[in-house]
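See below for start.tsv, which holds TSV, C-alpha atoms.
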chain	number	residue	atom	x	y	z
F	268	MET	CA	-38.31	-66.70	-41.61
F	269	THR	CA	-38.17	-66.19	-37.87
F	270	ALA	CA	-40.40	-63.40	-36.73
F	271	ILE	CA	-38.95	-60.55	-34.72
F	272	PRO	CA	-40.48	-60.47	-31.28
F	273	SER	CA	-42.90	-57.66	-30.75
F	274	GLY	CA	-41.37	-54.59	-29.03
F	275	THR	CA	-37.82	-55.46	-29.99
F	276	SER	CA	-35.91	-53.15	-32.33
F	277	PRO	CA	-33.50	-54.79	-34.72
F	278	ARG	CA	-29.78	-54.25	-33.89
F	279	PRO	CA	-28.19	-51.94	-36.42
F	280	LEU	CA	-25.78	-54.03	-38.44
F	281	VAL	CA	-24.75	-51.36	-40.84
F	282	GLY	CA	-22.00	-48.88	-39.82
F	283	ARG	CA	-20.64	-50.41	-36.61
F	284	ARG	CA	-17.68	-52.39	-38.01
F	285	PRO	CA	-16.76	-49.77	-40.63
F	286	ILE	CA	-16.57	-47.13	-37.90
F	287	ARG	CA	-14.11	-49.23	-35.86
F	288	ARG	CA	-12.05	-49.99	-38.98
F	289	ALA	CA	-11.93	-46.31	-39.95
F	290	ALA	CA	-10.73	-45.37	-36.46
F	291	LEU	CA	-8.03	-48.03	-36.55
F	292	VAL	CA	-6.86	-47.00	-40.00
F	293	GLY	CA	-6.84	-43.35	-38.91
F	294	ALA	CA	-4.69	-44.13	-35.87
F	295	VAL	CA	-2.22	-46.17	-37.92
F	296	CYS	CA	-1.94	-43.45	-40.55
F	297	ALA	CA	-1.42	-40.79	-37.91
F	298	GLY	CA	1.33	-42.82	-36.28
F	299	LEU	CA	2.97	-43.53	-39.61
F	300	ALA	CA	2.87	-39.86	-40.54
F	301	ALA	CA	4.48	-38.92	-37.26
F	302	ALA	CA	7.18	-41.51	-37.75
F	303	LEU	CA	7.87	-40.33	-41.28
F	304	ALA	CA	8.00	-36.75	-40.09
F	305	GLY	CA	10.52	-37.75	-37.43
F	306	CYS	CA	12.67	-39.57	-39.98
F	307	GLY	CA	12.64	-36.60	-42.31
F	308	ALA	CA	13.65	-34.05	-39.65
F	309	GLU	CA	17.31	-32.98	-39.84
F	310	GLU	CA	19.41	-33.35	-36.71
F	311	ASP	CA	20.92	-30.11	-35.43
F	312	PRO	CA	24.70	-30.45	-36.08
F	313	ASP	CA	25.40	-27.94	-33.32
F	314	ALA	CA	23.43	-29.76	-30.63
F	315	GLY	CA	25.61	-30.33	-27.58
F	316	THR	CA	28.47	-28.15	-28.89
F	317	ASN	CA	30.06	-24.95	-27.61
F	318	GLY	CA	27.95	-22.97	-30.09
F	319	MET	CA	30.77	-21.85	-32.40
F	320	GLY	CA	28.92	-23.24	-35.41
F	321	LYS	CA	26.14	-20.68	-34.95
F	322	LEU	CA	28.42	-17.64	-34.76
F	323	PRO	CA	29.69	-15.42	-37.60
F	324	ALA	CA	33.02	-16.59	-39.01
F	325	ALA	CA	34.94	-13.53	-37.82
F	326	LYS	CA	33.76	-14.09	-34.26
F	327	VAL	CA	34.74	-17.77	-34.37
F	328	GLU	CA	38.24	-16.81	-35.54
F	329	ALA	CA	38.56	-14.20	-32.79
F	330	LYS	CA	37.52	-16.67	-30.11
F	331	ALA	CA	39.90	-19.31	-31.46
F	332	ARG	CA	42.81	-16.86	-31.40
F	333	ALA	CA	41.95	-15.75	-27.87
F	334	ALA	CA	41.79	-19.37	-26.69
F	335	ALA	CA	45.17	-20.09	-28.28
F	336	GLU	CA	46.75	-17.07	-26.61
F	337	ARG	CA	45.40	-18.00	-23.18
F	338	ALA	CA	46.56	-21.61	-23.37
F	339	GLY	CA	49.87	-22.26	-21.64
F	340	THR	CA	51.01	-25.02	-23.98
F	341	VAL	CA	50.31	-26.64	-27.34
F	342	ARG	CA	51.76	-29.26	-29.66
F	343	LEU	CA	52.30	-28.29	-33.30
F	344	SER	CA	52.99	-30.92	-35.92
F	345	GLY	CA	52.98	-30.90	-39.70
F	346	ASN	CA	54.67	-29.11	-42.57
F	347	VAL	CA	55.47	-25.42	-42.87
F	348	VAL	CA	56.95	-23.52	-45.81
F	349	SER	CA	58.99	-20.55	-44.62
F	350	GLN	CA	61.31	-18.35	-46.71
F	351	GLY	CA	61.37	-20.90	-49.50
F	352	ARG	CA	62.25	-23.81	-47.23
F	353	THR	CA	59.94	-26.63	-46.23
F	354	TYR	CA	60.13	-27.71	-42.60
F	355	LYS	CA	58.55	-30.74	-41.03
F	356	LEU	CA	58.01	-29.96	-37.38
F	357	ASP	CA	56.82	-31.63	-34.24
F	358	MET	CA	57.15	-29.10	-31.44
F	359	ARG	CA	55.77	-28.93	-27.91
F	360	LEU	CA	55.52	-25.28	-26.96
F	361	ALA	CA	55.19	-23.61	-23.59
F	362	LYS	CA	55.36	-20.02	-22.35
F	363	ASN	CA	58.97	-20.37	-21.19
F	364	GLY	CA	60.38	-22.55	-23.95
F	365	ALA	CA	59.84	-25.53	-26.20
F	366	LYS	CA	61.24	-28.84	-27.35
F	367	GLY	CA	60.84	-31.00	-30.41
F	368	GLU	CA	62.22	-31.91	-33.79
F	369	LEU	CA	62.63	-30.02	-37.03
F	370	THR	CA	63.35	-31.69	-40.36
F	371	THR	CA	64.46	-30.09	-43.61
F	372	LYS	CA	65.30	-31.60	-46.97
F	373	ALA	CA	68.92	-31.91	-45.90
F	374	ALA	CA	68.81	-32.75	-42.22
F	375	ALA	CA	66.86	-33.46	-39.06
F	376	PHE	CA	67.70	-31.98	-35.69
F	377	GLN	CA	66.27	-31.41	-32.25
F	378	LEU	CA	65.48	-28.00	-30.81
F	379	LEU	CA	65.29	-27.20	-27.11
F	380	ARG	CA	64.78	-23.80	-25.58
F	381	VAL	CA	64.69	-23.24	-21.84
F	382	GLY	CA	64.14	-19.60	-21.05
F	383	ASP	CA	66.51	-17.70	-23.36
F	384	ALA	CA	68.93	-20.60	-23.80
F	385	LEU	CA	68.57	-22.31	-27.20
F	386	TYR	CA	70.09	-25.73	-27.87
F	387	LEU	CA	70.37	-27.52	-31.20
F	388	LYS	CA	71.20	-31.23	-31.41
F	389	ALA	CA	72.20	-32.84	-34.71
F	390	ASP	CA	74.59	-35.45	-36.04
F	391	ALA	CA	78.15	-34.71	-37.19
F	392	ALA	CA	77.13	-34.76	-40.85
F	393	PHE	CA	74.87	-31.79	-40.25
F	394	TRP	CA	77.68	-29.72	-38.78
F	395	ALA	CA	80.23	-30.80	-41.38
F	396	GLY	CA	77.91	-30.52	-44.39
F	397	GLU	CA	78.96	-28.41	-47.32
F	398	LYS	CA	76.02	-26.08	-46.87
F	399	ASN	CA	77.28	-25.31	-43.38
F	400	ALA	CA	80.93	-25.01	-44.42
F	401	LYS	CA	81.06	-21.23	-44.24
F	402	ALA	CA	83.18	-18.84	-42.25
F	403	GLY	CA	83.12	-19.71	-38.59
F	404	THR	CA	81.56	-23.15	-39.02
F	405	PRO	CA	83.36	-26.22	-37.68
F	406	ASP	CA	85.63	-28.43	-39.74
F	407	ALA	CA	85.18	-32.21	-39.84
F	408	ALA	CA	87.12	-32.78	-36.62
F	409	ALA	CA	85.16	-30.16	-34.73
F	410	ALA	CA	81.91	-31.41	-36.26
F	411	ALA	CA	82.59	-34.87	-34.88
F	412	LYS	CA	82.72	-33.35	-31.39
F	413	LEU	CA	79.43	-31.57	-31.96
F	414	GLY	CA	77.56	-34.56	-33.36
F	415	GLY	CA	75.00	-35.94	-30.92
F	416	LYS	CA	75.57	-33.11	-28.47
F	417	TYR	CA	73.33	-30.22	-27.51
F	418	VAL	CA	75.00	-27.17	-29.01
F	419	LYS	CA	74.15	-24.02	-27.11
F	420	VAL	CA	73.56	-21.37	-29.77
F	421	PRO	CA	74.73	-17.84	-28.95
F	422	SER	CA	71.87	-15.36	-28.95
F	423	ALA	CA	73.75	-13.10	-31.41
F	424	ASP	CA	74.19	-15.92	-33.93
F	425	PRO	CA	71.98	-15.92	-37.05
F	426	VAL	CA	71.06	-19.53	-36.27
F	427	TYR	CA	69.46	-18.34	-33.04
F	428	LYS	CA	67.25	-15.90	-34.90
F	429	ARG	CA	66.46	-18.43	-37.60
F	430	PHE	CA	65.33	-21.27	-35.35
F	431	SER	CA	64.23	-19.64	-32.09
F	432	GLY	CA	60.96	-18.65	-33.76
F	433	PHE	CA	60.04	-22.33	-33.96
F	434	THR	CA	60.28	-22.44	-30.16
F	435	ASP	CA	58.30	-19.27	-29.40
F	436	LYS	CA	54.64	-20.18	-28.86
F	437	ASP	CA	53.15	-16.73	-29.25
F	438	MET	CA	55.29	-15.77	-32.23
F	439	LEU	CA	54.73	-19.06	-34.03
F	440	LEU	CA	50.97	-19.10	-33.51
F	441	SER	CA	50.65	-15.47	-34.52
F	442	SER	CA	52.40	-16.15	-37.83
F	443	LEU	CA	50.61	-19.42	-38.52
F	444	LEU	CA	47.02	-18.59	-37.65
F	445	GLY	CA	46.65	-15.72	-40.10
F	446	LEU	CA	43.90	-16.33	-42.69
F	447	ARG	CA	43.86	-14.12	-45.79
F	448	GLY	CA	40.62	-12.88	-47.27
F	449	LYS	CA	36.92	-12.81	-46.48
F	450	LEU	CA	36.00	-15.38	-43.85
F	451	THR	CA	33.08	-17.76	-44.17
F	452	THR	CA	31.84	-20.61	-42.02
F	453	GLY	CA	32.01	-23.95	-43.79
F	454	GLU	CA	31.30	-27.57	-43.10
F	455	HIS	CA	31.38	-29.44	-39.83
F	456	THR	CA	34.45	-31.65	-39.61
F	457	ASP	CA	36.03	-34.22	-37.33
F	458	ILE	CA	39.65	-33.81	-36.23
F	459	ASP	CA	40.97	-36.88	-34.43
F	460	GLY	CA	37.54	-37.59	-32.98
F	461	VAL	CA	36.79	-33.99	-31.99
F	462	ARG	CA	33.92	-32.19	-33.73
F	463	ALA	CA	34.97	-28.95	-35.39
F	464	ILE	CA	33.72	-26.13	-37.58
F	465	ARG	CA	35.77	-25.07	-40.60
F	466	LEU	CA	36.56	-21.45	-41.36
F	467	SER	CA	37.55	-20.63	-44.94
F	468	ALA	CA	39.28	-17.47	-46.14
F	469	ALA	CA	38.72	-16.33	-49.72
F	470	ALA	CA	36.77	-19.52	-50.47
F	471	GLY	CA	39.69	-21.59	-49.21
F	472	SER	CA	42.49	-20.00	-51.23
F	473	GLY	CA	43.37	-17.84	-48.22
F	474	GLY	CA	43.61	-20.84	-45.91
F	475	THR	CA	41.23	-22.86	-43.75
F	476	LEU	CA	41.08	-23.32	-39.99
F	477	ASP	CA	39.19	-26.05	-38.12
F	478	VAL	CA	38.01	-24.85	-34.70
F	479	SER	CA	36.84	-27.18	-31.95
F	480	LEU	CA	33.10	-27.42	-31.31
F	481	GLU	CA	33.75	-29.18	-28.02
F	482	GLY	CA	34.72	-27.30	-24.88
F	483	THR	CA	37.18	-24.46	-25.44
F	484	PRO	CA	37.21	-23.37	-29.11
F	485	TYR	CA	40.85	-24.21	-29.77
F	486	PRO	CA	42.27	-24.25	-33.31
F	487	LEU	CA	42.76	-27.90	-34.33
F	488	ARG	CA	44.02	-27.91	-37.91
F	489	LEU	CA	45.29	-25.25	-40.28
F	490	HIS	CA	45.72	-25.35	-44.05
F	491	ARG	CA	47.91	-22.34	-44.79
F	492	ALA	CA	47.24	-20.04	-47.71
F	493	GLY	CA	49.04	-20.73	-50.95
F	494	GLY	CA	49.82	-24.33	-50.05
F	495	ALA	CA	52.31	-23.19	-47.40
F	496	GLY	CA	51.74	-26.22	-45.22
F	497	VAL	CA	49.27	-28.09	-43.04
F	498	VAL	CA	49.60	-27.98	-39.26
F	499	ARG	CA	47.82	-29.90	-36.50
F	500	LEU	CA	47.38	-28.23	-33.12
F	501	ALA	CA	46.79	-30.53	-30.17
F	502	ASP	CA	47.45	-31.16	-26.47
F	503	TRP	CA	46.32	-27.67	-25.52
F	504	GLY	CA	47.19	-26.98	-21.89
F	505	LYS	CA	49.08	-30.25	-21.33
F	506	SER	CA	52.30	-30.06	-19.36
F	507	VAL	CA	55.56	-29.63	-21.28
F	508	PRO	CA	58.48	-30.44	-18.95
F	509	LEU	CA	61.51	-28.34	-19.86
F	510	GLN	CA	64.98	-28.53	-18.39
F	511	ALA	CA	68.48	-27.80	-19.62
F	512	PRO	CA	70.51	-30.80	-20.78
F	513	ALA	CA	73.13	-32.33	-18.52
F	514	LYS	CA	76.42	-30.42	-18.69
F	515	ASP	CA	78.29	-33.36	-20.19
F	516	GLN	CA	75.81	-33.31	-23.10
F	517	VAL	CA	76.26	-29.61	-23.91
F	518	VAL	CA	78.80	-27.89	-26.13
F	519	ASP	CA	78.83	-24.13	-25.66
F	520	TYR	CA	79.88	-23.27	-29.16
F	521	GLY	CA	80.49	-19.55	-29.29
F	522	HIS	CA	81.30	-19.11	-32.99
F	523	GLN	CA	78.97	-18.51	-35.88
F	524	ILE	CA	77.34	-21.71	-37.12
F	525	SER	CA	74.89	-20.25	-39.59
F	526	GLY	CA	74.20	-21.61	-43.05
F	527	ASP	CA	71.52	-23.14	-45.22
F	528	SER	CA	70.24	-26.55	-44.31
Can you give me the file's structure in the form of C-alpha coordinates?
Amino acid sequence: MTAIPSGTSPRPLVGRRPIRRAALVGAVCAGLAAALAGCGAEEDPDAGTNGMGKLPAAKVEAKARAAAERAGTVRLSGNVVSQGRTYKLDMRLAKNGAKGELTTKAAAFQLLRVGDALYLKADAAFWAGEKNAKAGTPDAAAAAKLGGKYVKVPSADPVYKRFSGFTDKDMLLSSLLGLRGKLTTGEHTDIDGVRAIRLSAAAGSGGTLDVSLEGTPYPLRLHRAGGAGVVRLADWGKSVPLQAPAKDQVVDYGHQISGDS
(Lines of atoms letter the chains of each structure in order from A and count residues from 1; the text may use other names and numbers.)
(Lines give C-alpha, C1' and ligand atoms only; values in the text may rest on other atoms or scores of the structure.)
Protein backbone atom coordinates (compact mmCIF):
# COMPACT_ATOMS: atom_id res chain seq x y z
CA MET A 1 0.00 0.00 0.00
CA THR A 2 1.28 3.43 -0.90
CA ALA A 3 1.94 5.54 2.14
CA ILE A 4 0.27 8.92 2.46
CA PRO A 5 2.85 11.65 2.49
CA SER A 6 3.36 13.23 5.86
CA GLY A 7 1.40 16.49 6.36
CA THR A 8 -1.15 15.70 3.67
CA SER A 9 -4.78 15.19 4.65
CA PRO A 10 -6.72 12.66 2.65
CA ARG A 11 -9.34 14.14 0.25
CA PRO A 12 -12.83 13.43 1.51
CA LEU A 13 -14.36 10.97 -0.91
CA VAL A 14 -17.59 10.47 0.92
CA GLY A 15 -20.44 13.00 0.42
CA ARG A 16 -19.20 15.09 -2.50
CA ARG A 17 -20.92 13.29 -5.40
CA PRO A 18 -24.13 12.56 -3.46
CA ILE A 19 -24.45 16.27 -2.65
CA ARG A 20 -24.23 17.23 -6.35
CA ARG A 21 -26.70 14.48 -7.29
CA ALA A 22 -29.15 15.60 -4.61
CA ALA A 23 -28.98 19.19 -5.85
CA LEU A 24 -29.57 18.10 -9.43
CA VAL A 25 -32.49 15.89 -8.48
CA GLY A 26 -33.95 18.70 -6.38
CA ALA A 27 -33.75 21.15 -9.27
CA VAL A 28 -35.37 18.70 -11.69
CA CYS A 29 -38.18 17.94 -9.24
CA ALA A 30 -38.79 21.62 -8.62
CA GLY A 31 -38.99 22.32 -12.34
CA LEU A 32 -41.27 19.36 -12.90
CA ALA A 33 -43.55 20.47 -10.07
CA ALA A 34 -43.76 23.95 -11.54
CA ALA A 35 -44.57 22.55 -14.94
CA LEU A 36 -47.25 20.28 -13.54
CA ALA A 37 -48.72 23.17 -11.59
CA GLY A 38 -48.84 25.23 -14.77
CA CYS A 39 -50.56 22.44 -16.67
CA GLY A 40 -53.14 22.01 -13.94
CA ALA A 41 -54.04 25.71 -13.72
CA GLU A 42 -57.35 26.61 -15.42
CA GLU A 43 -57.29 29.35 -18.04
CA ASP A 44 -59.53 32.31 -17.27
CA PRO A 45 -62.37 32.10 -19.85
CA ASP A 46 -62.98 35.83 -19.48
CA ALA A 47 -59.41 36.88 -20.19
CA GLY A 48 -59.34 39.46 -22.97
CA THR A 49 -63.14 39.87 -23.04
CA ASN A 50 -65.41 42.84 -22.36
CA GLY A 51 -66.03 41.49 -18.84
CA MET A 52 -69.68 40.51 -19.29
CA GLY A 53 -68.94 36.99 -18.05
CA LYS A 54 -68.07 38.33 -14.60
CA LEU A 55 -71.24 40.39 -14.15
CA PRO A 56 -74.59 39.32 -12.66
CA ALA A 57 -77.01 37.98 -15.25
CA ALA A 58 -79.49 40.83 -14.86
CA LYS A 59 -76.77 43.39 -15.53
CA VAL A 60 -75.59 41.51 -18.63
CA GLU A 61 -79.15 41.51 -19.99
CA ALA A 62 -79.54 45.23 -19.28
CA LYS A 63 -76.29 46.05 -21.06
CA ALA A 64 -77.23 43.87 -24.03
CA ARG A 65 -80.61 45.59 -24.36
CA ALA A 66 -79.00 49.02 -24.12
CA ALA A 67 -76.45 48.11 -26.80
CA ALA A 68 -79.23 46.86 -29.08
CA GLU A 69 -81.23 50.06 -28.62
CA ARG A 70 -78.24 52.28 -29.38
CA ALA A 71 -77.27 50.40 -32.54
CA GLY A 72 -78.56 51.97 -35.73
CA THR A 73 -78.96 48.72 -37.64
CA VAL A 74 -79.09 44.95 -37.23
CA ARG A 75 -79.78 41.83 -39.27
CA LEU A 76 -82.30 39.34 -37.87
CA SER A 77 -82.58 35.85 -39.30
CA GLY A 78 -84.25 32.68 -38.13
CA ASN A 79 -87.69 31.42 -37.19
CA VAL A 80 -90.35 33.19 -35.15
CA VAL A 81 -93.73 31.90 -33.99
CA SER A 82 -96.24 34.72 -33.73
CA GLN A 83 -100.01 34.42 -33.17
CA GLY A 84 -99.94 30.76 -34.08
CA ARG A 85 -98.04 31.28 -37.33
CA THR A 86 -94.44 30.34 -37.96
CA TYR A 87 -92.40 32.86 -39.93
CA LYS A 88 -88.96 32.39 -41.37
CA LEU A 89 -87.36 35.81 -41.60
CA ASP A 90 -84.23 37.42 -42.88
CA MET A 91 -84.56 41.14 -42.25
CA ARG A 92 -82.10 44.02 -42.28
CA LEU A 93 -83.42 46.69 -39.95
CA ALA A 94 -82.57 50.35 -39.63
CA LYS A 95 -84.04 53.28 -37.72
CA ASN A 96 -85.95 54.58 -40.74
CA GLY A 97 -87.05 51.31 -42.32
CA ALA A 98 -86.08 47.79 -43.27
CA LYS A 99 -85.85 45.29 -46.09
CA GLY A 100 -85.78 41.53 -46.33
CA GLU A 101 -87.80 38.39 -46.84
CA LEU A 102 -90.53 36.70 -44.86
CA THR A 103 -91.64 33.12 -45.45
CA THR A 104 -94.73 31.36 -44.13
CA LYS A 105 -96.04 27.86 -44.69
CA ALA A 106 -98.03 29.10 -47.67
CA ALA A 107 -95.87 31.75 -49.28
CA ALA A 108 -92.68 33.78 -49.41
CA PHE A 109 -92.58 37.51 -50.01
CA GLN A 110 -90.33 40.51 -49.71
CA LEU A 111 -90.91 43.39 -47.33
CA LEU A 112 -89.56 46.89 -47.79
CA ARG A 113 -90.30 49.89 -45.63
CA VAL A 114 -88.87 53.32 -46.34
CA GLY A 115 -90.05 55.80 -43.76
CA ASP A 116 -93.79 55.16 -43.38
CA ALA A 117 -94.21 53.61 -46.82
CA LEU A 118 -94.55 49.81 -46.69
CA TYR A 119 -94.15 47.67 -49.81
CA LEU A 120 -94.89 43.98 -50.19
CA LYS A 121 -93.62 41.98 -53.17
CA ALA A 122 -94.95 38.50 -53.92
CA ASP A 123 -95.91 36.35 -56.89
CA ALA A 124 -99.38 36.24 -58.44
CA ALA A 125 -100.23 32.99 -56.67
CA PHE A 126 -99.90 34.74 -53.33
CA TRP A 127 -102.39 37.44 -54.28
CA ALA A 128 -104.81 35.03 -55.94
CA GLY A 129 -104.61 32.32 -53.26
CA GLU A 130 -107.78 31.09 -51.66
CA LYS A 131 -106.67 32.28 -48.25
CA ASN A 132 -106.45 35.79 -49.64
CA ALA A 133 -109.72 35.57 -51.59
CA LYS A 134 -111.72 37.71 -49.19
CA ALA A 135 -113.64 40.92 -49.63
CA GLY A 136 -111.52 43.54 -51.29
CA THR A 137 -108.76 41.17 -52.42
CA PRO A 138 -107.86 40.95 -56.10
CA ASP A 139 -109.25 38.38 -58.49
CA ALA A 140 -106.97 36.27 -60.70
CA ALA A 141 -106.66 38.95 -63.37
CA ALA A 142 -105.78 41.64 -60.86
CA ALA A 143 -103.44 39.25 -59.05
CA ALA A 144 -101.50 38.72 -62.25
CA LYS A 145 -100.85 42.47 -62.38
CA LEU A 146 -99.65 42.47 -58.79
CA GLY A 147 -97.34 39.48 -59.11
CA GLY A 148 -93.68 40.46 -59.05
CA LYS A 149 -94.50 44.08 -58.29
CA TYR A 150 -93.97 46.09 -55.12
CA VAL A 151 -97.46 46.63 -53.75
CA LYS A 152 -97.66 49.76 -51.63
CA VAL A 153 -99.81 48.81 -48.64
CA PRO A 154 -102.16 51.50 -47.31
CA SER A 155 -101.39 52.40 -43.71
CA ALA A 156 -105.03 51.75 -42.72
CA ASP A 157 -104.98 48.23 -44.13
CA PRO A 158 -104.76 45.29 -41.69
CA VAL A 159 -101.84 43.95 -43.74
CA TYR A 160 -99.88 47.07 -42.84
CA LYS A 161 -100.38 46.46 -39.14
CA ARG A 162 -99.67 42.77 -39.48
CA PHE A 163 -96.36 43.03 -41.32
CA SER A 164 -94.98 46.48 -40.48
CA GLY A 165 -93.87 45.15 -37.09
CA PHE A 166 -91.35 42.94 -38.88
CA THR A 167 -89.78 46.12 -40.28
CA ASP A 168 -89.69 48.13 -37.05
CA LYS A 169 -86.31 47.61 -35.35
CA ASP A 170 -87.22 48.88 -31.90
CA MET A 171 -90.60 47.15 -31.80
CA LEU A 172 -89.26 43.85 -33.09
CA LEU A 173 -86.28 43.75 -30.74
CA SER A 174 -88.41 44.75 -27.77
CA SER A 175 -90.78 41.85 -28.40
CA LEU A 176 -88.06 39.32 -29.17
CA LEU A 177 -85.51 39.99 -26.46
CA GLY A 178 -87.83 39.37 -23.54
CA LEU A 179 -86.67 36.50 -21.29
CA ARG A 180 -89.18 35.02 -18.84
CA GLY A 181 -88.14 33.98 -15.37
CA LYS A 182 -85.15 34.17 -13.07
CA LEU A 183 -81.95 34.93 -14.97
CA THR A 184 -78.72 33.02 -14.51
CA THR A 185 -75.37 33.19 -16.24
CA GLY A 186 -74.52 29.98 -18.06
CA GLU A 187 -71.79 28.58 -20.22
CA HIS A 188 -69.41 30.38 -22.53
CA THR A 189 -70.37 29.83 -26.16
CA ASP A 190 -69.15 30.64 -29.64
CA ILE A 191 -71.51 32.27 -32.14
CA ASP A 192 -70.05 32.37 -35.65
CA GLY A 193 -66.55 32.75 -34.25
CA VAL A 194 -67.47 35.36 -31.63
CA ARG A 195 -67.10 34.44 -27.96
CA ALA A 196 -70.31 34.86 -25.99
CA ILE A 197 -71.86 34.31 -22.57
CA ARG A 198 -75.24 32.60 -22.32
CA LEU A 199 -78.06 33.95 -20.19
CA SER A 200 -80.79 31.50 -19.22
CA ALA A 201 -84.24 32.35 -17.89
CA ALA A 202 -86.03 29.86 -15.66
CA ALA A 203 -83.26 27.30 -16.26
CA GLY A 204 -83.73 27.68 -20.00
CA SER A 205 -87.49 27.19 -20.21
CA GLY A 206 -87.94 30.97 -20.26
CA GLY A 207 -85.50 31.39 -23.15
CA THR A 208 -81.76 31.84 -23.56
CA LEU A 209 -79.75 34.74 -24.92
CA ASP A 210 -76.11 34.65 -26.04
CA VAL A 211 -74.37 37.99 -25.49
CA SER A 212 -71.07 38.95 -27.10
CA LEU A 213 -67.95 38.85 -24.94
CA GLU A 214 -66.04 40.79 -27.56
CA GLY A 215 -66.35 44.55 -27.91
CA THR A 216 -69.88 45.90 -27.49
CA PRO A 217 -72.10 43.37 -25.66
CA TYR A 218 -74.59 42.87 -28.48
CA PRO A 219 -77.16 40.06 -28.38
CA LEU A 220 -76.04 37.37 -30.86
CA ARG A 221 -78.53 34.52 -30.62
CA LEU A 222 -81.90 34.08 -28.96
CA HIS A 223 -83.84 30.90 -28.17
CA ARG A 224 -87.34 32.14 -27.40
CA ALA A 225 -89.36 30.79 -24.51
CA GLY A 226 -91.73 27.94 -25.20
CA GLY A 227 -90.01 26.93 -28.42
CA ALA A 228 -91.24 30.10 -30.15
CA GLY A 229 -88.26 30.28 -32.47
CA VAL A 230 -84.52 30.81 -32.72
CA VAL A 231 -83.14 34.11 -34.02
CA ARG A 232 -79.61 35.19 -34.96
CA LEU A 233 -78.68 38.85 -34.56
CA ALA A 234 -75.74 40.06 -36.61
CA ASP A 235 -74.25 42.94 -38.61
CA TRP A 236 -74.85 45.41 -35.80
CA GLY A 237 -74.23 48.94 -37.02
CA LYS A 238 -73.63 47.97 -40.67
CA SER A 239 -75.20 50.17 -43.31
CA VAL A 240 -78.64 49.22 -44.64
CA PRO A 241 -79.29 51.16 -47.86
CA LEU A 242 -83.00 51.90 -48.22
CA GLN A 243 -84.78 53.51 -51.14
CA ALA A 244 -88.24 53.33 -52.63
CA PRO A 245 -88.64 51.07 -55.66
CA ALA A 246 -88.74 52.54 -59.15
CA LYS A 247 -92.21 53.84 -60.04
CA ASP A 248 -92.67 51.30 -62.81
CA GLN A 249 -92.19 48.53 -60.22
CA VAL A 250 -94.83 49.84 -57.80
CA VAL A 251 -98.56 49.21 -57.67
CA ASP A 252 -100.36 51.57 -55.31
CA TYR A 253 -103.12 49.20 -54.38
CA GLY A 254 -105.58 51.11 -52.24
CA HIS A 255 -108.04 48.33 -51.37
CA GLN A 256 -107.95 45.88 -48.50
CA ILE A 257 -105.63 42.95 -49.17
CA SER A 258 -105.71 41.29 -45.79
CA GLY A 259 -106.02 37.57 -45.18
CA ASP A 260 -104.23 34.58 -43.74
CA SER A 261 -101.10 33.41 -45.45
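As for atom CA of F:Leu343 and atom CA of F:Thr434, they are spaced 10.4 Å apart.
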**Q.** Nearby residues (all atoms listed in the file) at most 8 Å from F:Ala407, same-chain spacing under 6 positions excluded, as an MDAnalysis selection string
**A.** chainID F and resid 391 394:395
Q) Closest to F:Asp437 among F:Asn363, F:Thr316, F:Gln516, F:Ser506, using all atoms listed in the file? A) F:Asn363
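Taking atom CA of F:Thr475 and atom CA of F:Glu310 as endpoints, the distance between them is 25.2 Å.
Minimum atom-to-atom distances from F:Ala410, F:Leu444, F:Ala513, F:Val507 to F:Gly339 were compared using only C-alpha atoms, and the lowest value belongs to F:Val507.
If only C-alpha atoms are the atoms counted, then among F:Val426, F:Ala384, F:Ala374, F:Ala389 the closest residue to F:Ala411 is F:Ala389.
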Q: Please identify all polymer residues within 8 Å of stretch 376-382 of chain F, counting all atoms listed in the file, omitting same-chain residues fewer than 5 positions from it, and present them as a ChimeraX atom specification.
A: /F:363-370,387-390,431,434,509-511
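Using only C-alpha atoms, the smallest distance between any of F:Asn317, F:Lys505, F:Arg429, F:Glu328 and F:Arg465 comes from F:Glu328.
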For stretch 455-458 of chain F, I'd like the enclosing box, axis-aligned and padded by 3 Å on every side, reported as AutoDock Vina command-line options with centre and edge lengths in Å to one decimal.
--center_x 35.5 --center_y -31.8 --center_z -38.0 --size_x 14.3 --size_y 10.8 --size_z 9.6
Q: Return the single residue from F:Ala314, F:Ala335, F:Val418, F:Ala373 that is closest to F:Thr353, with distances computed using all atoms listed in the file.
A: F:Ala373
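Close to (44.7, -22.0, -46.9), meaning no more than 9 Å away when counting all atoms listed in the file, sit the residues Leu446, Arg447, Ser467, Ala468, Ala469, Gly471, Ser472, Gly473, Gly474, Thr475, Leu476, Leu489, His490, Arg491, Ala492, Gly493, Gly494, Ala495, Gly496 and Val497 of chain F.
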Q.
Show me, as JSON, numbers by chain, the residues that have an atom within 10 Å of stretch 448-463 of chain F when counting only C-alpha atoms, minus same-chain residues fewer than 6 positions from it.
A. {"F": [312, 313, 316, 319, 320, 321, 322, 323, 324, 325, 326, 327, 328, 469, 470, 471, 472, 473, 474, 475, 476, 477, 478, 479, 480, 481, 482, 484, 485, 486, 487, 488, 492, 499, 501]}
Q: In Å, rounded to a single decimal, give me how far atom CA of F:Lys362 is from atom CA of F:Leu385.
A: 14.3 Å
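Of the listed residues F:Ser422, F:Asp502, F:Ser442, F:Tyr386, the one whose atoms come nearest to F:Val517 is F:Tyr386, with distances taken using all atoms listed in the file.
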